[in-house]
Amino acid sequence: MTTYNGQSATGTSHSASPDGHREPAGLAELAAVAGRIRNSVESVIEGKPDAVRVALTVLLAEGHLLLEDVPGVGKTMLAKALARSVDCTVRRIQFTPDLLPSDVTGTNVFDQHQRDFEFRPGAIFAQIVVGDEINRASPKTQSALLESMEERQVTIDGTSYELPSPFMVIATQNPVEMEGTYPLPEAQRDRFMARISIGYPSPDAEFAMLDLHGGANPLDDLQPVAHAHDILKLVDLVRTVYVSEPVRRYAVDLVGATRTSPELRLGASPRATLHLVRAARAAAALDGRDYVLPDDIQALAVPVLAHRLLPTAETQLSRRTAEQVVLDLVARLPIPRPQGR
């Protein structure tokens, strides 16, 4: 007897209510805080609820977000709106070819008065870091983010400095103007939990945008609706969301299928499996559940996996994208079915 909501084969459950579903105190608070943040961001970003939801999911799952789309669709606006909706430290880095790694991480400067070296923190020392046009910086500068994104610390001259919590990098890049840019290497893309494209707005949303953005910048009136300590509490709650063995196996099988697909020359890494399950926990919590369903895995498969994959030359010639390959794998892979329900 296997179910998704914590009911075990012996019939025991984890803090189960009479109807068999766990109802931890805290999901209501999570829904309230997440709702305030969502409404705040959507007051600036018109008609893109799916993109806002993924951004919230990544925030609560302790991940980093890559926004990749054509110019002028609101990538930086989404990143700034999310950052301003939470009362925490925010830094924006404009990535340019002359940006140095020390500008990002910080450096040791000799203090004439103290007669000693003093560490000057770089722009990465913030709780939410907005990296604009990350692919315009040199690979050396891009690599300065690797340690901070994975280990949430920075090492300068052999000394490690811990970054604040919560910590999230929201980076944007433009996929069409590739002259003078440096595409992110696989190791860098793998650090991002999810990648999304905002896309063009609907005609109605674009029409409404003329009134919203025509006279003033709506970001100027955006006020924080949550505190950093609220986010930390919600992150702790998301970590407790239950993932049954069949769902965990389903996530492993889905990621494994990318490694054996003849359409891909590079599949997803084990880090991708961890990110997929962590994001699914956050998505379940946002839906008011304290257990993960296969539907959560499926819904996040494309944003979490596609940017880590490299299609073969034949796949590219046939004009099939990594997103399409992931969708086909999701459609073919059997869904685990709960028994005894």
# chains A, B, ... in the order shown; residues from 1 in each chain; ligands from 1

$ residues_around --residues "Leu66 in chain A" --least-positions-apart "4" --cutoff "9 Å" --atoms "only C-alpha atoms" --output "list in words"
Val169, Ile170, Ala171, Thr172, Gln173, Arg189, Phe192, Met193, Ala194, Arg195, Ile196 and Ser197 of chain A

$ write_last_selection --atoms "N, CA and C atoms" --output "PDB file, in the first residue's frame"
ATOM      1  N   VAL A 169      20.365  34.177  -6.469  1.00  0.00           N
ATOM      2  CA  VAL A 169      20.856  34.891  -7.643  1.00  0.00           C
ATOM      3  C   VAL A 169      19.791  34.802  -8.729  1.00  0.00           C
ATOM      4  N   ILE A 170      19.386  35.961  -9.231  1.00  0.00           N
ATOM      5  CA  ILE A 170      18.459  36.024 -10.365  1.00  0.00           C
ATOM      6  C   ILE A 170      19.218  36.664 -11.514  1.00  0.00           C
ATOM      7  N   ALA A 171      19.545  35.873 -12.517  1.00  0.00           N
ATOM      8  CA  ALA A 171      20.351  36.358 -13.633  1.00  0.00           C
ATOM      9  C   ALA A 171      19.508  36.424 -14.900  1.00  0.00           C
ATOM     10  N   THR A 172      19.814  37.403 -15.745  1.00  0.00           N
ATOM     11  CA  THR A 172      19.130  37.520 -17.031  1.00  0.00           C
ATOM     12  C   THR A 172      20.157  37.408 -18.150  1.00  0.00           C
ATOM     13  N   GLN A 173      19.693  36.909 -19.280  1.00  0.00           N
ATOM     14  CA  GLN A 173      20.538  36.922 -20.460  1.00  0.00           C
ATOM     15  C   GLN A 173      19.668  36.980 -21.703  1.00  0.00           C
ATOM     16  N   ARG A 189      25.502  26.886 -15.913  1.00  0.00           N
ATOM     17  CA  ARG A 189      24.054  26.693 -16.085  1.00  0.00           C
ATOM     18  C   ARG A 189      23.518  25.683 -15.083  1.00  0.00           C
ATOM     19  N   PHE A 192      22.042  26.926 -11.767  1.00  0.00           N
ATOM     20  CA  PHE A 192      20.719  27.533 -11.723  1.00  0.00           C
ATOM     21  C   PHE A 192      19.670  26.441 -11.586  1.00  0.00           C
ATOM     22  N   MET A 193      18.809  26.587 -10.582  1.00  0.00           N
ATOM     23  CA  MET A 193      17.759  25.590 -10.372  1.00  0.00           C
ATOM     24  C   MET A 193      16.789  25.554 -11.532  1.00  0.00           C
ATOM     25  N   ALA A 194      16.449  26.710 -12.077  1.00  0.00           N
ATOM     26  CA  ALA A 194      15.457  26.746 -13.151  1.00  0.00           C
ATOM     27  C   ALA A 194      15.786  27.868 -14.118  1.00  0.00           C
ATOM     28  N   ARG A 195      15.332  27.680 -15.346  1.00  0.00           N
ATOM     29  CA  ARG A 195      15.417  28.726 -16.371  1.00  0.00           C
ATOM     30  C   ARG A 195      14.034  28.918 -16.960  1.00  0.00           C
ATOM     31  N   ILE A 196      13.619  30.154 -17.081  1.00  0.00           N
ATOM     32  CA  ILE A 196      12.325  30.432 -17.677  1.00  0.00           C
ATOM     33  C   ILE A 196      12.456  31.542 -18.707  1.00  0.00           C
ATOM     34  N   SER A 197      11.524  31.543 -19.637  1.00  0.00           N
ATOM     35  CA  SER A 197      11.378  32.618 -20.607  1.00  0.00           C
ATOM     36  C   SER A 197      10.034  33.282 -20.360  1.00  0.00           C
TER      37      SER A 197
END

$ select_by_dssp --residues "range 92-264 of chain A" --states "strand (DSSP E or B)" --output "JSON, numbers by chain"
{"A": [92, 93, 94, 106, 107, 108, 109, 110, 111, 116, 117, 118, 119, 120, 121, 128, 129, 130, 131, 132, 153, 154, 155, 156, 159, 160, 161, 162, 168, 169, 170, 171, 172, 173, 194, 195, 196, 226, 227, 242, 264]}

$ atom_distance --atom1 "CA of Tyr291 in chain A" --atom2 "CA of Pro338 in chain A"
12.9 Å

$ residues_around --residues "range 299-315 of chain A" --least-positions-apart "3" --cutoff "7 Å" --atoms "only C-alpha atoms" --output "PyMOL selection string"
chain A and resi 186+189-190+193-196+263-268+272+276+295-296+318-320+322-323+326

$ closest_residue --among "A:Thr89, A:Thr181, A:Thr105, A:Asn174" --to "Thr155 in chain A" --atoms "only C-alpha atoms"
A:Thr105

$ closest_residue --among "A:His64, A:Lys75, A:Arg337, A:Arg115" --to "Ile198 in chain A" --atoms "only C-alpha atoms"
A:Lys75

$ closest_atom_pairs --of "range 180-205 of chain A" --to "range 142-154 of chain A" --cutoff "10 Å" --atoms "only C-alpha atoms" --output "CSV"
residue,atom,partner,partner_atom,distance
A:Tyr182,CA,A:Gln142,CA,9.1
A:Pro183,CA,A:Gln142,CA,9.8
A:Leu184,CA,A:Gln142,CA,7.7
A:Pro185,CA,A:Gln142,CA,9.1
A:Ala187,CA,A:Leu146,CA,8.2
A:Gln188,CA,A:Leu146,CA,6.5
A:Arg189,CA,A:Leu146,CA,9.8
A:Asp190,CA,A:Leu146,CA,9.8
A:Arg191,CA,A:Met149,CA,6.5
A:Phe192,CA,A:Met149,CA,8.1

$ residues_around --residues "Ser40 in chain A" --least-positions-apart "5" --cutoff "12 Å" --atoms "only C-alpha atoms" --output "PyMOL selection string"
chain A and resi 33-35+45-46+49+52+56+78+80-86+218-219+221-226

$ write_last_selection --atoms "N, CA and C atoms" --output "JSON list (two decimals), in the first residue's frame"
[["chain", "number", "residue", "atom", "x", "y", "z"],
["A", 33, "VAL", "N", 1.93, 34.47, 2.88],
["A", 33, "VAL", "CA", 3.13, 35.23, 2.51],
["A", 33, "VAL", "C", 3.39, 35.13, 1.01],
["A", 34, "ALA", "N", 3.29, 33.91, 0.46],
["A", 34, "ALA", "CA", 3.52, 33.72, -0.97],
["A", 34, "ALA", "C", 2.48, 34.49, -1.78],
["A", 35, "GLY", "N", 1.24, 34.53, -1.30],
["A", 35, "GLY", "CA", 0.20, 35.28, -2.00],
["A", 35, "GLY", "C", 0.50, 36.76, -2.04],
["A", 45, "ILE", "N", 4.35, 42.97, -13.26],
["A", 45, "ILE", "CA", 4.46, 42.08, -14.42],
["A", 45, "ILE", "C", 3.05, 41.61, -14.79],
["A", 46, "GLU", "N", 2.52, 42.12, -15.88],
["A", 46, "GLU", "CA", 1.15, 41.82, -16.28],
["A", 46, "GLU", "C", 1.07, 40.51, -17.06],
["A", 49, "PRO", "N", 1.52, 34.87, -14.83],
["A", 49, "PRO", "CA", 1.44, 34.20, -13.53],
["A", 49, "PRO", "C", 2.34, 32.97, -13.44],
["A", 52, "VAL", "N", 5.91, 34.08, -12.62],
["A", 52, "VAL", "CA", 5.98, 34.53, -11.23],
["A", 52, "VAL", "C", 5.96, 33.34, -10.29],
["A", 56, "LEU", "N", 8.83, 32.26, -7.51],
["A", 56, "LEU", "CA", 8.54, 32.02, -6.10],
["A", 56, "LEU", "C", 8.97, 30.63, -5.67],
["A", 78, "LEU", "N", 10.99, 41.69, -13.72],
["A", 78, "LEU", "CA", 10.56, 40.59, -12.86],
["A", 78, "LEU", "C", 11.56, 40.38, -11.73],
["A", 80, "LYS", "N", 13.69, 42.54, -10.42],
["A", 80, "LYS", "CA", 13.64, 43.67, -9.48],
["A", 80, "LYS", "C", 12.37, 43.64, -8.64],
["A", 81, "ALA", "N", 11.23, 43.28, -9.28],
["A", 81, "ALA", "CA", 9.97, 43.24, -8.54],
["A", 81, "ALA", "C", 9.99, 42.20, -7.44],
["A", 82, "LEU", "N", 10.56, 41.03, -7.73],
["A", 82, "LEU", "CA", 10.67, 40.01, -6.70],
["A", 82, "LEU", "C", 11.60, 40.46, -5.58],
["A", 83, "ALA", "N", 12.70, 41.09, -5.95],
["A", 83, "ALA", "CA", 13.67, 41.55, -4.95],
["A", 83, "ALA", "C", 13.06, 42.63, -4.06],
["A", 84, "ARG", "N", 12.31, 43.55, -4.64],
["A", 84, "ARG", "CA", 11.75, 44.65, -3.85],
["A", 84, "ARG", "C", 10.54, 44.21, -3.02],
["A", 85, "SER", "N", 9.95, 43.08, -3.37],
["A", 85, "SER", "CA", 8.79, 42.61, -2.62],
["A", 85, "SER", "C", 9.18, 41.97, -1.29],
["A", 86, "VAL", "N", 10.46, 41.68, -1.12],
["A", 86, "VAL", "CA", 10.96, 41.08, 0.11],
["A", 86, "VAL", "C", 11.89, 42.08, 0.78],
["A", 218, "PRO", "N", 6.41, 51.64, -12.22],
["A", 218, "PRO", "CA", 5.67, 51.04, -11.10],
["A", 218, "PRO", "C", 6.56, 50.48, -10.01],
["A", 219, "LEU", "N", 7.83, 50.23, -10.31],
["A", 219, "LEU", "CA", 8.74, 49.75, -9.28],
["A", 219, "LEU", "C", 8.96, 50.79, -8.18],
["A", 221, "ASP", "N", 6.82, 52.53, -6.65],
["A", 221, "ASP", "CA", 5.79, 52.44, -5.61],
["A", 221, "ASP", "C", 5.73, 51.08, -4.94],
["A", 222, "LEU", "N", 6.60, 50.16, -5.36],
["A", 222, "LEU", "CA", 6.57, 48.81, -4.81],
["A", 222, "LEU", "C", 7.18, 48.79, -3.42],
["A", 223, "GLN", "N", 6.43, 48.27, -2.45],
["A", 223, "GLN", "CA", 6.88, 48.20, -1.07],
["A", 223, "GLN", "C", 7.04, 46.73, -0.66],
["A", 224, "PRO", "N", 7.98, 46.44, 0.25],
["A", 224, "PRO", "CA", 8.14, 45.05, 0.71],
["A", 224, "PRO", "C", 6.87, 44.54, 1.38],
["A", 225, "VAL", "N", 6.52, 43.32, 1.06],
["A", 225, "VAL", "CA", 5.34, 42.68, 1.65],
["A", 225, "VAL", "C", 5.73, 41.48, 2.50],
["A", 226, "ALA", "N", 7.01, 41.18, 2.59],
["A", 226, "ALA", "CA", 7.50, 40.08, 3.42],
["A", 226, "ALA", "C", 8.91, 40.42, 3.87]]

$ select_by_dssp --residues "range 239-340 of chain A" --states "alpha helix (DSSP H)" --output "count of residues only"
62

$ closest_residue --among "A:Pro270, A:Val238, A:Gly256, A:Val176" --to "Arg289 in chain A" --atoms "only C-alpha atoms"
A:Val238

$ atom_distance --atom1 "CA of Leu60 in chain A" --atom2 "CA of Ala79 in chain A"
15.0 Å

$ residues_around --residues "Met209 in chain A" --least-positions-apart "6" --cutoff "12 Å" --atoms "only C-alpha atoms" --output "list in words"
Glu42, Ser43, Val44, Ile45, Glu46, Gly47, Val73, Gly74, Pro201, Ser202, Pro203, Gly215, Ala216, Asn217 and Pro218 of chain A

$ atom_distance --atom1 "CA of Val235 in chain A" --atom2 "CA of Pro166 in chain A"
8.7 Å

$ residues_around --residues "Asp98 in chain A" --least-positions-apart "5" --cutoff "10 Å" --atoms "only C-alpha atoms" --output "ChimeraX atom specification"
/A:136-138,141

$ closest_residue --among "A:Asp328, A:Asp220, A:Glu133, A:Asp50" --to "Asp69 in chain A" --atoms "only C-alpha atoms"
A:Glu133

$ closest_residue --among "A:Thr76, A:Thr240, A:Asn39, A:Gln94" --to "Asn135 in chain A" --atoms "only C-alpha atoms"
A:Gln94
